[in-house]
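Reproduced below: input-v3.cif, with mmCIF, C-alpha atoms.
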```cif
data_work
loop_
_atom_site.label_atom_id
_atom_site.label_comp_id
_atom_site.auth_asym_id
_atom_site.auth_seq_id
_atom_site.Cartn_x
_atom_site.Cartn_y
_atom_site.Cartn_z
CA MET A 1 -27.06 -31.34 51.33
CA ILE A 2 -27.79 -31.88 54.99
CA VAL A 3 -29.59 -28.54 55.38
CA PRO A 4 -31.39 -26.33 52.85
CA LEU A 5 -29.16 -23.76 51.16
CA GLU A 6 -31.34 -20.95 52.56
CA HIS A 7 -30.22 -21.77 56.07
CA VAL A 8 -26.55 -21.57 55.11
CA ILE A 9 -27.13 -18.20 53.42
CA ALA A 10 -29.14 -16.98 56.41
CA LEU A 11 -26.24 -17.86 58.71
CA SER A 12 -23.85 -16.12 56.34
CA LEU A 13 -26.09 -13.05 56.25
CA ALA A 14 -26.31 -12.95 60.04
CA LEU A 15 -22.52 -13.16 60.42
CA PHE A 16 -22.01 -10.48 57.77
CA SER A 17 -24.49 -8.13 59.48
CA ILE A 18 -22.75 -8.64 62.81
CA GLY A 19 -19.44 -7.81 61.13
CA VAL A 20 -20.86 -4.62 59.61
CA LEU A 21 -22.24 -3.69 63.00
CA GLY A 22 -18.79 -4.19 64.52
CA VAL A 23 -17.14 -1.94 61.94
CA LEU A 24 -19.73 0.79 62.52
CA PHE A 25 -19.87 0.48 66.31
CA ARG A 26 -16.36 0.02 67.57
CA ARG A 27 -13.75 2.71 67.95
CA ASN A 28 -10.83 0.35 68.46
CA ALA A 29 -8.96 -0.29 65.20
CA ILE A 30 -8.06 -3.88 66.17
CA THR A 31 -11.67 -4.82 66.90
CA ILE A 32 -12.68 -3.28 63.58
CA PHE A 33 -10.14 -5.55 61.91
CA MET A 34 -11.66 -8.56 63.64
CA SER A 35 -15.09 -7.53 62.37
CA ILE A 36 -13.69 -7.37 58.84
CA GLU A 37 -12.38 -10.93 59.29
CA LEU A 38 -15.87 -11.92 60.39
CA MET A 39 -17.35 -10.48 57.20
CA LEU A 40 -14.80 -12.28 55.04
CA ASN A 41 -15.72 -15.52 56.79
CA ALA A 42 -19.42 -14.92 56.17
CA VAL A 43 -18.73 -14.55 52.45
CA ASN A 44 -16.59 -17.69 52.54
CA LEU A 45 -19.42 -19.60 54.14
CA SER A 46 -21.89 -18.63 51.43
CA LEU A 47 -19.34 -19.55 48.74
CA VAL A 48 -18.86 -22.99 50.29
CA GLY A 49 -22.63 -23.44 50.52
CA PHE A 50 -23.13 -22.58 46.84
CA SER A 51 -20.20 -24.78 45.86
CA ARG A 52 -21.88 -27.69 47.63
CA TYR A 53 -25.25 -26.84 46.14
CA TYR A 54 -24.04 -26.72 42.54
CA ASP A 55 -21.66 -29.62 43.04
CA SER A 56 -18.75 -27.59 41.69
CA VAL A 57 -15.29 -26.93 43.06
CA ASP A 58 -15.08 -23.32 41.79
CA GLY A 59 -16.57 -21.78 44.92
CA GLN A 60 -14.02 -23.51 47.08
CA ILE A 61 -11.20 -22.10 44.93
CA PHE A 62 -12.62 -18.64 45.57
CA VAL A 63 -12.60 -19.36 49.30
CA PHE A 64 -8.97 -20.42 48.99
CA LEU A 65 -8.10 -17.11 47.32
CA VAL A 66 -10.11 -15.10 49.85
CA MET A 67 -8.17 -16.79 52.66
CA THR A 68 -4.89 -15.79 50.96
CA LEU A 69 -6.18 -12.24 50.68
CA ALA A 70 -7.25 -12.22 54.34
CA ALA A 71 -3.80 -13.35 55.47
CA ALA A 72 -2.09 -10.63 53.41
CA GLU A 73 -4.58 -8.01 54.56
CA VAL A 74 -4.14 -8.83 58.24
CA ALA A 75 -0.36 -8.73 58.01
CA VAL A 76 -0.32 -5.32 56.31
CA GLY A 77 -3.17 -3.93 58.42
CA LEU A 78 -1.63 -4.87 61.73
CA ALA A 79 1.72 -3.45 60.59
CA ILE A 80 -0.08 -0.18 59.82
CA ILE A 81 -1.76 -0.24 63.25
CA ILE A 82 1.58 -0.77 64.98
CA ALA A 83 3.20 2.06 62.99
CA LEU A 84 0.23 4.27 63.87
CA TYR A 85 0.49 3.41 67.55
CA ARG A 86 4.18 4.20 67.49
CA ASN A 87 3.48 7.68 66.11
CA ARG A 88 0.26 8.60 67.92
CA GLN A 89 0.12 6.33 71.02
CA THR A 90 -3.48 5.40 70.28
CA VAL A 91 -5.53 3.01 68.16
CA ASN A 92 -8.79 4.84 68.75
CA ILE A 93 -9.96 5.81 65.28
CA ASP A 94 -11.65 8.99 66.54
CA GLU A 95 -8.29 10.40 67.62
CA ILE A 96 -6.57 9.52 64.37
CA ASN A 97 -7.52 12.56 62.31
CA LEU A 98 -4.20 13.44 60.74
CA MET A 99 -5.71 14.21 57.33
CA LYS A 100 -8.73 16.12 58.62
CA ASN A 101 -8.97 19.90 58.01
CA MET B 1 -31.42 -36.00 61.14
CA SER B 2 -28.55 -35.69 63.58
CA LEU B 3 -26.10 -34.08 61.13
CA SER B 4 -28.40 -31.15 60.50
CA LEU B 5 -28.79 -30.77 64.28
CA ILE B 6 -25.00 -30.43 64.53
CA PHE B 7 -25.18 -27.75 61.82
CA TYR B 8 -27.74 -25.74 63.76
CA ILE B 9 -25.78 -26.03 67.01
CA ALA B 10 -22.59 -24.89 65.26
CA ALA B 11 -24.47 -22.05 63.59
CA PHE B 12 -25.87 -20.95 66.95
CA ILE B 13 -22.40 -20.99 68.54
CA ALA B 14 -20.97 -19.04 65.59
CA VAL B 15 -23.62 -16.32 65.77
CA VAL B 16 -23.48 -15.94 69.56
CA SER B 17 -19.68 -15.79 69.64
CA ALA B 18 -19.69 -13.30 66.75
CA ILE B 19 -22.12 -11.07 68.67
CA PHE B 20 -19.86 -11.16 71.71
CA VAL B 21 -16.79 -10.42 69.55
CA VAL B 22 -18.48 -7.20 68.53
CA LEU B 23 -19.92 -6.29 71.94
CA ASN B 24 -16.91 -7.09 74.10
CA LYS B 25 -14.90 -4.07 75.25
CA ASN B 26 -11.74 -6.08 75.88
CA ALA B 27 -9.84 -6.90 72.67
CA VAL B 28 -8.26 -10.08 74.10
CA TYR B 29 -11.66 -11.63 74.85
CA SER B 30 -12.83 -10.60 71.39
CA ALA B 31 -9.90 -12.46 69.83
CA ILE B 32 -10.54 -15.63 71.86
CA LEU B 33 -14.25 -15.57 70.98
CA LEU B 34 -13.37 -15.07 67.33
CA VAL B 35 -11.33 -18.30 67.49
CA LEU B 36 -14.45 -20.07 68.80
CA CYS B 37 -16.44 -18.61 65.91
CA PHE B 38 -13.84 -19.85 63.40
CA PHE B 39 -13.87 -23.34 64.90
CA SER B 40 -17.65 -23.60 64.58
CA LEU B 41 -17.37 -22.34 61.00
CA ALA B 42 -14.78 -25.05 60.31
CA LEU B 43 -17.28 -27.59 61.66
CA ILE B 44 -19.91 -26.23 59.27
CA TYR B 45 -17.42 -26.54 56.37
CA LEU B 46 -16.93 -30.18 57.35
CA LEU B 47 -20.70 -30.72 57.29
CA LEU B 48 -20.84 -29.08 53.85
CA GLU B 49 -18.16 -31.56 52.74
CA ALA B 50 -15.44 -28.98 52.15
CA TYR B 51 -12.84 -30.97 54.07
CA PHE B 52 -9.72 -29.20 52.86
CA LEU B 53 -11.20 -25.77 53.56
CA ALA B 54 -12.17 -26.83 57.09
CA VAL B 55 -8.54 -27.69 57.78
CA LEU B 56 -7.38 -24.45 56.12
CA GLU B 57 -9.85 -22.46 58.21
CA ILE B 58 -8.31 -23.78 61.41
CA PHE B 59 -4.72 -23.48 60.18
CA ILE B 60 -4.94 -20.00 58.68
CA TYR B 61 -7.66 -18.22 60.63
CA ALA B 62 -7.63 -19.84 64.06
CA GLY B 63 -3.88 -20.45 63.85
CA ALA B 64 -1.95 -17.78 61.99
CA ILE B 65 -4.28 -14.79 61.85
CA MET B 66 -5.52 -14.97 65.42
CA VAL B 67 -2.01 -15.43 66.80
CA LEU B 68 -1.08 -12.26 64.92
CA PHE B 69 -4.08 -10.45 66.42
CA LEU B 70 -3.33 -11.59 69.94
CA PHE B 71 0.33 -10.66 69.50
CA VAL B 72 -0.57 -7.12 68.46
CA VAL B 73 -3.20 -6.71 71.20
CA MET B 74 -0.70 -7.76 73.85
CA LEU B 75 2.15 -5.77 72.30
CA LEU B 76 0.15 -2.55 72.35
CA ASN B 77 -1.17 -3.27 75.85
CA LEU B 78 -4.51 -1.56 75.28
CA GLY B 79 -6.88 -0.77 78.06
CA ARG B 80 -10.62 -0.80 77.79
CA GLU B 81 -12.25 1.27 75.12
CA LYS B 82 -13.19 4.79 76.16
CA ALA B 83 -16.83 5.85 76.38
CA LEU B 84 -18.26 7.51 73.34
CA PRO B 85 -18.58 11.27 73.09
CA HIS B 86 -22.14 12.48 73.07
CA PHE B 87 -22.46 13.29 69.38
CA MET B 88 -21.55 9.70 68.49
CA ARG B 89 -24.74 8.25 70.02
CA LEU B 90 -26.82 9.39 67.06
CA GLN B 91 -24.34 7.80 64.66
CA ARG B 92 -24.52 4.56 66.59
CA SER B 93 -28.32 4.26 66.51
CA LEU B 94 -28.30 5.26 62.84
CA SER B 95 -25.78 2.54 62.00
CA LEU B 96 -27.82 -0.03 63.93
CA MET B 97 -30.88 0.95 61.89
CA LEU B 98 -28.93 0.66 58.64
CA VAL B 99 -27.66 -2.82 59.52
CA ILE B 100 -31.15 -4.01 60.46
CA LEU B 101 -32.44 -2.58 57.18
CA PHE B 102 -29.71 -4.44 55.31
CA PHE B 103 -30.46 -7.70 57.13
CA PHE B 104 -34.18 -7.63 56.44
CA GLY B 105 -33.70 -6.38 52.89
CA VAL B 106 -31.50 -9.30 51.95
CA SER B 107 -33.79 -11.71 53.85
CA LEU B 108 -36.73 -10.38 51.84
CA ILE B 109 -34.88 -10.93 48.57
CA MET B 110 -34.02 -14.44 49.67
CA LEU B 111 -37.57 -15.29 50.73
CA SER B 112 -39.10 -13.86 47.57
CA GLY B 113 -36.93 -16.11 45.38
CA THR B 114 -38.81 -18.33 43.02
CA GLY B 115 -36.99 -21.63 42.99
CA ASP B 116 -36.88 -24.15 45.77
CA LEU B 117 -33.28 -24.24 46.88
CA HIS B 118 -33.59 -27.43 48.84
CA GLN B 119 -31.65 -30.12 47.04
CA PRO B 120 -32.21 -33.76 47.77
CA THR B 121 -29.17 -35.44 49.23
CA THR B 122 -26.86 -36.18 46.36
CA LYS B 123 -23.43 -37.61 46.14
CA PHE B 124 -20.96 -34.76 46.31
CA SER B 125 -17.93 -35.37 44.17
CA GLU B 126 -15.85 -32.29 45.00
CA GLY B 127 -14.30 -30.97 48.16
CA SER B 128 -11.46 -33.41 48.53
CA VAL B 129 -7.86 -32.26 48.43
CA TYR B 130 -7.45 -34.05 45.11
CA SER B 131 -10.21 -32.26 43.20
CA LEU B 132 -9.34 -28.91 44.77
CA GLY B 133 -5.69 -29.25 43.81
CA GLU B 134 -6.55 -30.38 40.32
CA ALA B 135 -8.76 -27.33 39.74
CA LEU B 136 -6.18 -25.03 41.31
CA PHE B 137 -3.34 -26.13 39.05
CA THR B 138 -5.27 -26.40 35.79
CA LYS B 139 -8.34 -24.18 35.51
CA PHE B 140 -7.30 -21.60 38.10
CA LEU B 141 -3.56 -21.50 37.52
CA LEU B 142 -3.42 -17.75 36.81
CA PRO B 143 -5.35 -16.72 39.98
CA PHE B 144 -3.07 -19.03 41.92
CA GLU B 145 0.02 -17.27 40.57
CA VAL B 146 -1.55 -13.86 41.21
CA ALA B 147 -2.21 -14.93 44.81
CA SER B 148 1.47 -15.74 45.25
CA LEU B 149 2.33 -12.30 43.86
CA LEU B 150 -0.13 -10.75 46.32
CA LEU B 151 1.56 -12.53 49.21
CA LEU B 152 4.95 -11.27 48.03
CA VAL B 153 3.68 -7.69 47.85
CA ALA B 154 2.16 -8.01 51.32
CA LEU B 155 5.45 -9.37 52.64
CA ILE B 156 7.47 -6.48 51.22
CA GLY B 157 4.90 -3.96 52.45
CA THR B 158 4.94 -5.38 55.96
CA VAL B 159 8.72 -5.35 56.14
CA TYR B 160 8.74 -1.74 54.98
CA LEU B 161 6.06 -0.71 57.50
CA ALA B 162 7.94 -2.38 60.34
CA LYS B 163 10.95 -0.11 59.85
CA LYS B 164 11.83 2.14 62.73
CA LYS B 165 11.15 5.39 60.93
CA ILE B 166 8.54 5.69 58.21
#
```
Will you turn the file into structure tokens for me?
Amino acid sequence: MIVPLEHVIALSLALFSIGVLGVLFRRNAITIFMSIELMLNAVNLSLVGFSRYYDSVDGQIFVFLVMTLAAAEVAVGLAIIIALYRNRQTVNIDEINLMKN
Amino acid sequence: MSLSLIFYIAAFIAVVSAIFVVLNKNAVYSAILLVLCFFSLALIYLLLEAYFLAVLEIFIYAGAIMVLFLFVVMLLNLGREKALPHFMRLQRSLSLMLVILFFFGVSLIMLSGTGDLHQPTTKFSEGSVYSLGEALFTKFLLPFEVASLLLLVALIGTVYLAKKKI
């Protein structure tokens, strides 16, 4: 490996933390979705690093499946956001409180 | 070694662009910066000798997913995000504290590990399209089929959600 595995995991951890921060900080549903993509990518990175470290292809298969999941999730999620915008004229998650009270 | 230098540069670009994705108020800039982040991640995959996944990263994430994001952002024509109401400030500082706690907690676990994770440079036999495809169609055939089912369900769900009246 060209770098120690710790450095790959540290990068993955940093990206994941930034993604969590984005989900907790932002009020815009689309930006929250982007942060979720960031977290999925952080997990992918650590899987690739471990796959390289253990010299096994299994981790890369997991990454392949996670990418499939991410594509499906984005398609459905953005469709939900568009439907929401059509009904409420906003994507601000503070104003979307249909099920509250 | 120059290859590890490229890794650190790509890692730096990925982290900085990720931070700006989160901090930027304009969703279009966030999307563009996220593409930059994905490209540097693809470079890191190349350095970790996952060649097929590097190509997939660019095709699926930087290509398909980000085009979808940009399309929705421009379709909805969103302005800048509104300022937070006052009671949200506490929540924001609390969430920042939680994330920092998480970061240092996991770092601590990683640093307190016993084994030395540094592996001497060995010949890596996996990562090519051939070995990936072989594993996908023999050992992981069922997950592969389930993934196709998942895509079908997502397709049907999206078509249903895109109807005029739901």
Checklist entry - Looking at all atoms listed in the file, which of A:Phe62, A:Leu40, A:Met67, A:Ile80 is the one that sits closest to Leu161 in chain B? => result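 Comparing A:Phe62, A:Leu40, A:Met67, A:Ile80 against Leu161 in chain B, the winner is A:Ile80.
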Checklist entry - Taking the file as shown, what set of residues would the PyMOL selection byres ((chain A and resi 43) around 9) give back, as a PyMOL selection string? => result chain A and resi 12-13+15-16+38-42+44-48+63
Could you build a table of the residues in chain A lying no more than 6 Å from chain B, giving for each the nearest pair of atoms and their separation in Å rounded to one decimal place, using all atoms listed in the file, ordered by chain and ascending residue number, as JSON lines?
```
{"residue": "A:Met1", "atom": "CA", "partner": "B:Thr121", "partner_atom": "CA", "distance": 5.1}
{"residue": "A:Ile2", "atom": "CA", "partner": "B:Ser4", "partner_atom": "CA", "distance": 5.6}
{"residue": "A:Val3", "atom": "CA", "partner": "B:Ser4", "partner_atom": "CA", "distance": 5.9}
{"residue": "A:Pro4", "atom": "CA", "partner": "B:His118", "partner_atom": "CA", "distance": 4.7}
{"residue": "A:Leu5", "atom": "CA", "partner": "B:Leu117", "partner_atom": "CA", "distance": 6.0}
{"residue": "A:Gly22", "atom": "CA", "partner": "B:Val22", "partner_atom": "CA", "distance": 5.0}
{"residue": "A:Val57", "atom": "CA", "partner": "B:Glu126", "partner_atom": "CA", "distance": 5.7}
{"residue": "A:Ala72", "atom": "CA", "partner": "B:Ala154", "partner_atom": "CA", "distance": 5.4}
{"residue": "A:Val76", "atom": "CA", "partner": "B:Thr158", "partner_atom": "CA", "distance": 5.3}
{"residue": "A:Ala79", "atom": "CA", "partner": "B:Thr158", "partner_atom": "CA", "distance": 6.0}
```
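Going from CA of Arg52 in chain A over to CA of Phe33 in chain A, you cover 28.8 Å.
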Checklist entry - By how many Å are CA of Ala29 in chain A and CA of Leu149 in chain B apart? => result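 Atom-to-atom, CA of Ala29 in chain A to CA of Leu149 in chain B, that is 27.0 Å.
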